[in-house]
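The structure appears below as structure tokens.
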Amino acid sequence: MSDAETRRRSWAEPWKIKVVEPLKMTTRAQREEAIASAGYNTFLLRSEEVYIDLLTDSGTSAMSDRQWAGMMLGDEAYAGSKNFENLSEAVAKYYGYRYLVPTHQGRGAEHLLSKMLIRAGDVVPGNMYFTTTRLHQELAGGTFVDVIIPEAHDPNVELPFKGNVDLAKLEEVITTAGPARIPYISLAATVNMAGGQPVSMENVRRVRALADQYGLRVMLDATRAVENAYFIQRREAGYAEKTVAAILRELCSYTDGCTMSGKKDGLVNIGGWLSLNDAALYEEASNLVVVYEGLHTYGGMSGRDMEAMAIGIAESVQDDHIRARVGQVEYLGRKIMEYGVPIVKPIGGHAVYLDARAIYPQLTQDEFPAQTLAAALYLDSGVRAMERGVVSAGRDAKTGEHHYPKLELVRLTIPRRVYTQAHMDVTAESVAAAYDARAGARGLRMVHEPKYLRFFQARFEPL
Ligand code: PLI
């Protein structure tokens, strides 16, 4: 059959539903009580109080029947599990790295990498911070410096590769700090905090060239690199006829290793890994993992979890899968735009990001517009979203002042293979209702602020 015959006309999912999980609807009065007792933080809601859960795409995906069957093949030996071999083979085949250190999830890998490579006073340039990644870099004594292109901070600029590294800025950071103070370049694909925006292959190639010029490593945050590969296939000249799997391999080939949260692209509920090409670094990482995670052949995962992830990786790079995954996100984004609600453009790979600053011009960042909007959305319909603004950005490690990010966003994050098109319609309607009520928003004040990653557990009260 020709390509045209096999290609489906819409982004319709290449699967059907075998098991369902009932959802609970709540009344407005119940939601008012729930959000107040959660301190106006959607992280502190009980899942039972949520109707459509778009808090995160992390660990919330539905596994396939093949993955569930794989769970029965769990080899729970403390050492030398067969599932570790299968996972290593899957990572080598689809990502191309030589060595694998399994971890309980992405931040476990970030911890090991930061501990191994970062020394006090080091500088880590990267294309926008991610919360856990930056915190591990800081705890190891480093300072993160943002080198993403300036357009990434503007929700309205439409660029195909808004996650790209600003190469001039990167070189300036390298020469100012001195290459000896740069443990590695921290490259994310796609860029979560910028709105799920991709990097181009051309940009990654040039980052590699610059790194080589100064003798530096490039470490990839591969958490959503499959989604990035799909955008390259769709948007970058010369890649339309290549498979997402081939594009992913090429992308990784320009880097020296990766940290990975298998809970996103990898289609599992728990798991992650650290990949490395350098034998000496691997030796150190496989020694360090036994201190913090577990033996180097399970690293915080059970055998069955490693098997499910090995199968999930193979499923995740199928062109049909990733087209439907990103297609659903784009469907929701376009619906929300039809209601006139301001969002980050272009629509990202894993989520639609509402522009809370534009929606609530009456609120300053000290009144937490995105936190306010996430709570308002929950109140309207029971849809749970996540703040990605000043609360998530935290405080400057040196001055103790709030980071004030230009982007003040609410993220509607789509779990993979979980919700239907009708759920997306309901979500868009609810966003529109919250938008229509925007003039009444008064903001919040923070009444409890945890020391680390405050967005998870902070509490608020209405102003
Ligand atoms: O949640 P972990 O520890 O498996 O992964 C940490 C992590 C690293 N990098 C990136 C880009 C992430 O998005 C990420 C986790 N993200 C979460 C939990 C999210 O809701 O986006």
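Labeling convention for the structure tokens: chains A, B, ... as they appear, residues from 1 per chain, ligands from 1 in order of appearance.
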Taking only residues of chain A that have an atom at most 8 Å from an atom of ligand 1, what is each one's shortest atom pair and its distance in Å to one decimal, using only C-alpha atoms and all ligand atoms, in chain and number order, as a tab-separated table?
```
residue	atom	partner	partner_atom_place_in_ligand_line	distance
A:Leu55	CA	ligand 1	20 (O)	7.0
A:Thr56	CA	ligand 1	20 (O)	4.4
A:Asp57	CA	ligand 1	20 (O)	6.1
A:Ser58	CA	ligand 1	18 (C)	5.2
A:Gly59	CA	ligand 1	4 (O)	7.8
A:His104	CA	ligand 1	4 (O)	7.7
A:Gln105	CA	ligand 1	4 (O)	3.9
A:Gly106	CA	ligand 1	4 (O)	3.6
A:Arg107	CA	ligand 1	3 (O)	3.7
A:Gly108	CA	ligand 1	3 (O)	6.4
A:Glu110	CA	ligand 1	8 (C)	7.7
A:Phe130	CA	ligand 1	11 (C)	6.0
A:Thr131	CA	ligand 1	7 (C)	7.7
A:Thr132	CA	ligand 1	6 (C)	5.9
A:Thr133	CA	ligand 1	8 (C)	6.1
A:Ala188	CA	ligand 1	11 (C)	6.7
A:Ala189	CA	ligand 1	11 (C)	7.7
A:Thr190	CA	ligand 1	11 (C)	7.3
A:Val191	CA	ligand 1	11 (C)	6.5
A:Asn192	CA	ligand 1	11 (C)	5.3
A:Met193	CA	ligand 1	11 (C)	7.9
A:Asp221	CA	ligand 1	9 (N)	6.0
A:Ala222	CA	ligand 1	11 (C)	7.6
A:Thr223	CA	ligand 1	11 (C)	5.5
A:Arg224	CA	ligand 1	11 (C)	6.9
A:Thr259	CA	ligand 1	8 (C)	7.6
A:Met260	CA	ligand 1	8 (C)	6.8
A:Ser261	CA	ligand 1	4 (O)	4.0
A:Gly262	CA	ligand 1	4 (O)	6.6
A:Lys263	CA	ligand 1	4 (O)	5.8
A:Lys264	CA	ligand 1	4 (O)	7.8
A:Ile270	CA	ligand 1	4 (O)	7.3
A:Gly271	CA	ligand 1	4 (O)	6.8
A:Gly272	CA	ligand 1	4 (O)	6.3
A:Thr413	CA	ligand 1	20 (O)	7.9
```
Export C-alpha atoms of the chosen residues as a PDB file, in the first residue's frame?
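Writing done, so here's out.pdb:
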```
ATOM      1  CA  LEU A  55      -2.363  18.740  36.249  1.00  0.00           C
ATOM      2  CA  THR A  56       0.406  16.909  34.467  1.00  0.00           C
ATOM      3  CA  ASP A  57       1.280  14.425  31.734  1.00  0.00           C
ATOM      4  CA  SER A  58       3.797  12.893  34.143  1.00  0.00           C
ATOM      5  CA  GLY A  59       3.072   9.308  35.133  1.00  0.00           C
ATOM      6  CA  HIS A 104      13.206   5.986  40.102  1.00  0.00           C
ATOM      7  CA  GLN A 105      12.242   8.977  37.923  1.00  0.00           C
ATOM      8  CA  GLY A 106      13.762  11.944  36.117  1.00  0.00           C
ATOM      9  CA  ARG A 107      14.870  13.908  39.168  1.00  0.00           C
ATOM     10  CA  GLY A 108      16.813  10.859  40.400  1.00  0.00           C
ATOM     11  CA  GLU A 110      19.250  14.846  37.609  1.00  0.00           C
ATOM     12  CA  PHE A 130      13.029  23.366  34.730  1.00  0.00           C
ATOM     13  CA  THR A 131      12.083  23.281  38.422  1.00  0.00           C
ATOM     14  CA  THR A 132      13.714  20.025  39.572  1.00  0.00           C
ATOM     15  CA  THR A 133      16.606  20.255  37.118  1.00  0.00           C
ATOM     16  CA  ALA A 188      16.004  20.483  26.921  1.00  0.00           C
ATOM     17  CA  ALA A 189      13.816  19.071  24.125  1.00  0.00           C
ATOM     18  CA  THR A 190      10.996  20.100  24.203  1.00  0.00           C
ATOM     19  CA  VAL A 191      11.130  23.054  26.604  1.00  0.00           C
ATOM     20  CA  ASN A 192       8.451  22.569  29.231  1.00  0.00           C
ATOM     21  CA  MET A 193       8.471  26.002  30.895  1.00  0.00           C
ATOM     22  CA  ASP A 221      16.839  16.473  29.075  1.00  0.00           C
ATOM     23  CA  ALA A 222      15.148  13.843  26.902  1.00  0.00           C
ATOM     24  CA  THR A 223      11.901  13.823  28.878  1.00  0.00           C
ATOM     25  CA  ARG A 224       9.823  14.897  25.859  1.00  0.00           C
ATOM     26  CA  THR A 259      18.462  12.540  31.929  1.00  0.00           C
ATOM     27  CA  MET A 260      15.040  11.075  31.360  1.00  0.00           C
ATOM     28  CA  SER A 261      11.698  10.978  33.076  1.00  0.00           C
ATOM     29  CA  GLY A 262      10.080   7.862  31.610  1.00  0.00           C
ATOM     30  CA  LYS A 263       6.789   9.128  33.040  1.00  0.00           C
ATOM     31  CA  LYS A 264       6.210  11.356  29.994  1.00  0.00           C
ATOM     32  CA  ILE A 270       6.985   5.585  37.185  1.00  0.00           C
ATOM     33  CA  GLY A 271      10.639   5.344  36.119  1.00  0.00           C
ATOM     34  CA  GLY A 272      13.519   7.206  34.560  1.00  0.00           C
ATOM     35  CA  THR A 413      -1.391  19.136  30.394  1.00  0.00           C
TER      36      THR A 413
END
```
I'd like the contact shell of stretch 313-316 of chain A - 8 Å cut-off, only C-alpha atoms, skipping same-chain residues fewer than 2 positions apart - returned as an MDAnalysis selection string.
chainID A and resid 90:91 94 226 265:267 309:311 318 321:322
Atoms to include: C-alpha atoms. Write the selected residues as a JSON list (two decimals), in the first residue's frame.
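Wrote part-v3.json, looks like this:
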```
[["chain", "number", "residue", "atom", "x", "y", "z"],
["A", 90, "ALA", "CA", 15.44, -0.29, 24.11],
["A", 91, "VAL", "CA", 17.34, 2.85, 25.17],
["A", 94, "TYR", "CA", 15.86, 4.24, 20.15],
["A", 226, "VAL", "CA", 10.02, 12.20, 21.07],
["A", 265, "ASP", "CA", 7.24, 10.19, 26.50],
["A", 266, "GLY", "CA", 8.01, 6.73, 27.93],
["A", 267, "LEU", "CA", 4.33, 5.92, 28.61],
["A", 309, "MET", "CA", 9.13, 1.17, 30.10],
["A", 310, "ALA", "CA", 11.13, -0.89, 27.57],
["A", 311, "ILE", "CA", 7.87, -1.62, 25.71],
["A", 318, "GLN", "CA", 5.74, 5.16, 16.43],
["A", 321, "HIS", "CA", 1.19, 7.37, 18.17],
["A", 322, "ILE", "CA", 3.02, 10.65, 18.39]]
```
Which of A:Trp15, A:Tyr230, A:Tyr239, A:Tyr435 sits closest to A:Leu377 [using only C-alpha atoms]:
A:Tyr435
Going by DSSP on the backbone, which bits of stretch 244-414 of chain A are strand (DSSP E)? Write them as a ChimeraX atom specification, please.
/A:257-261,272-276,351-355,383-384,386-388,409-413
List the neighbours of A:Ile118 out to 12 Å using only C-alpha atoms; skip same-chain residues closer than 3 positions along the sequence, and give me the result as number ranges by chain.
A: 110-115, 121-124, 134, 136-144, 180-186
Write a file of the selected residues as a compact mmCIF listing (two decimals), in the first residue's frame, keeping C-alpha atoms.
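Written output follows (selection19.txt):
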```txt
# COMPACT_ATOMS: atom_id res chain seq x y z
CA GLU A 110 19.25 14.85 37.61
CA HIS A 111 20.51 14.33 41.13
CA LEU A 112 23.19 11.85 40.05
CA LEU A 113 24.30 13.94 37.09
CA SER A 114 24.50 17.17 39.10
CA LYS A 115 26.39 15.47 41.92
CA GLY A 121 30.84 28.10 41.60
CA ASP A 122 30.08 26.33 38.33
CA VAL A 123 27.73 27.80 35.76
CA VAL A 124 25.19 25.68 33.87
CA ARG A 134 17.66 23.72 38.29
CA HIS A 136 19.59 19.86 41.65
CA GLN A 137 22.09 22.04 39.80
CA GLU A 138 21.88 24.63 42.59
CA LEU A 139 22.08 22.08 45.41
CA ALA A 140 25.30 20.82 43.82
CA GLY A 141 26.72 24.38 43.96
CA GLY A 142 26.00 25.52 40.41
CA THR A 143 24.16 28.52 39.00
CA PHE A 144 21.76 28.03 36.13
CA ALA A 180 36.49 25.19 32.97
CA ARG A 181 33.52 26.45 35.02
CA ILE A 182 30.92 24.95 32.67
CA PRO A 183 30.32 21.31 33.68
CA TYR A 184 27.91 20.80 30.77
CA ILE A 185 25.36 22.55 28.59
CA SER A 186 21.86 21.64 29.78
```
In terms of the shortest atom-to-atom distance over only C-alpha atoms, which of A:Gln421, A:Asn203, A:Thr255, A:Asn228 is closest to A:Leu216?
A:Thr255
Tell me which protein, DNA and RNA residues are within 10 Å of A:Ala168, counting only C-alpha atoms, leaving out same-chain ones fewer than 5 positions away, and put them as a ChimeraX atom specification.
/A:147,149,173-174,210
Please, which residues of stretch 59-109 of chain A, numbered as in this document, come out helix (DSSP H, G or I) from DSSP, as a PyMOL selection string?
chain A and resi 65-71+82-94+106-109
Separation of atom CA of A:Tyr331 and atom CA of A:Trp11, in Å?
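Separation between atom CA of A:Tyr331 and atom CA of A:Trp11: 9.1 Å.
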Which one is closest to A:Arg208: A:Val244, A:Thr176, A:Tyr254, A:Ala376? Count only C-alpha atoms.
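The shortest atom-to-atom distance to A:Arg208 comes from A:Tyr254.
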Could you give me, as a list in words, the residues within 7 Å of stretch 392-403 of chain A, counting only C-alpha atoms and dropping anything in the same chain fewer than 4 positions from it?
Glu387, Arg388, Leu453, Arg454 and Phe455 of chain A
Emit the selected residues as a PDB file, in the first residue's frame, including C-alpha atoms.
```pdb
ATOM      1  CA  GLU A 387       0.439  27.016  37.797  1.00  0.00           C
ATOM      2  CA  ARG A 388       3.612  27.708  35.777  1.00  0.00           C
ATOM      3  CA  LEU A 453       9.950  23.501  44.952  1.00  0.00           C
ATOM      4  CA  ARG A 454       7.300  25.546  46.721  1.00  0.00           C
ATOM      5  CA  PHE A 455       4.660  25.185  44.018  1.00  0.00           C
TER       6      PHE A 455
END
```
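Summary of the local environment: counting only C-alpha atoms, residues at most 8 Å from A:Leu100, other than itself and those fewer than 4 positions away along its chain, are Ser88, Val91, Trp273, Leu274, Ser275, Leu276 and Tyr282 of chain A.
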Restricted to N, CA, C and O atoms, what would the selected residues look like written as a PDB file, in the first residue's frame?
```pdb
ATOM      1  N   SER A  88      17.809  -1.593  28.715  1.00  0.00           N
ATOM      2  CA  SER A  88      19.078  -1.097  28.146  1.00  0.00           C
ATOM      3  C   SER A  88      19.059  -1.208  26.628  1.00  0.00           C
ATOM      4  O   SER A  88      19.498  -0.288  25.919  1.00  0.00           O
ATOM      5  N   VAL A  91      16.740   1.504  25.138  1.00  0.00           N
ATOM      6  CA  VAL A  91      17.336   2.847  25.173  1.00  0.00           C
ATOM      7  C   VAL A  91      18.455   2.944  24.135  1.00  0.00           C
ATOM      8  O   VAL A  91      18.562   3.929  23.394  1.00  0.00           O
ATOM      9  N   TRP A 273      15.773   7.410  33.778  1.00  0.00           N
ATOM     10  CA  TRP A 273      17.135   6.921  33.642  1.00  0.00           C
ATOM     11  C   TRP A 273      18.108   8.049  33.365  1.00  0.00           C
ATOM     12  O   TRP A 273      17.724   9.144  32.970  1.00  0.00           O
ATOM     13  N   LEU A 274      19.381   7.715  33.559  1.00  0.00           N
ATOM     14  CA  LEU A 274      20.504   8.562  33.166  1.00  0.00           C
ATOM     15  C   LEU A 274      21.269   7.779  32.112  1.00  0.00           C
ATOM     16  O   LEU A 274      21.614   6.610  32.351  1.00  0.00           O
ATOM     17  N   SER A 275      21.490   8.381  30.954  1.00  0.00           N
ATOM     18  CA  SER A 275      22.263   7.726  29.894  1.00  0.00           C
ATOM     19  C   SER A 275      23.572   8.457  29.705  1.00  0.00           C
ATOM     20  O   SER A 275      23.617   9.689  29.804  1.00  0.00           O
ATOM     21  N   LEU A 276      24.609   7.704  29.402  1.00  0.00           N
ATOM     22  CA  LEU A 276      25.930   8.288  29.209  1.00  0.00           C
ATOM     23  C   LEU A 276      26.657   7.531  28.098  1.00  0.00           C
ATOM     24  O   LEU A 276      26.424   6.331  27.910  1.00  0.00           O
ATOM     25  N   TYR A 282      30.192   6.708  33.339  1.00  0.00           N
ATOM     26  CA  TYR A 282      29.233   5.638  33.641  1.00  0.00           C
ATOM     27  C   TYR A 282      29.671   4.869  34.880  1.00  0.00           C
ATOM     28  O   TYR A 282      28.858   4.559  35.757  1.00  0.00           O
TER      29      TYR A 282
END
```
Selected residue, from A:Cys252, A:Ala439, A:Val341, A:Val447, that lies nearest to A:Arg98 when counting only C-alpha atoms:
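With only C-alpha atoms as the atom set, the closest residue is A:Cys252.
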Counting only C-alpha atoms, the option among A:Phe368, A:Tyr99, A:Tyr378, A:Trp68 closest to A:Tyr404
A:Phe368
Point-to-point distance from atom CA of A:Ile232 to atom CA of A:Ile148, Å rounded to tenths
17.7 Å
re atom CA of A:Lys24 and atom CA of A:Tyr51: distance 5.8 Å
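For stretch 73-82 of chain A, the set of protein, DNA and RNA residues having any atom at most 7 Å away, when counting only C-alpha atoms and skipping those fewer than 3 positions along the same chain, is A:Gly70, A:Glu85, A:Asn86, A:Thr297, A:Ser302, A:Gly303, A:Arg304, A:Glu307.
For the residues A:Ala375, A:Leu170, A:Ile343, A:Ala109, ranking by smallest atom-to-atom distance to A:Ser37 using only C-alpha atoms places A:Ala375 first.
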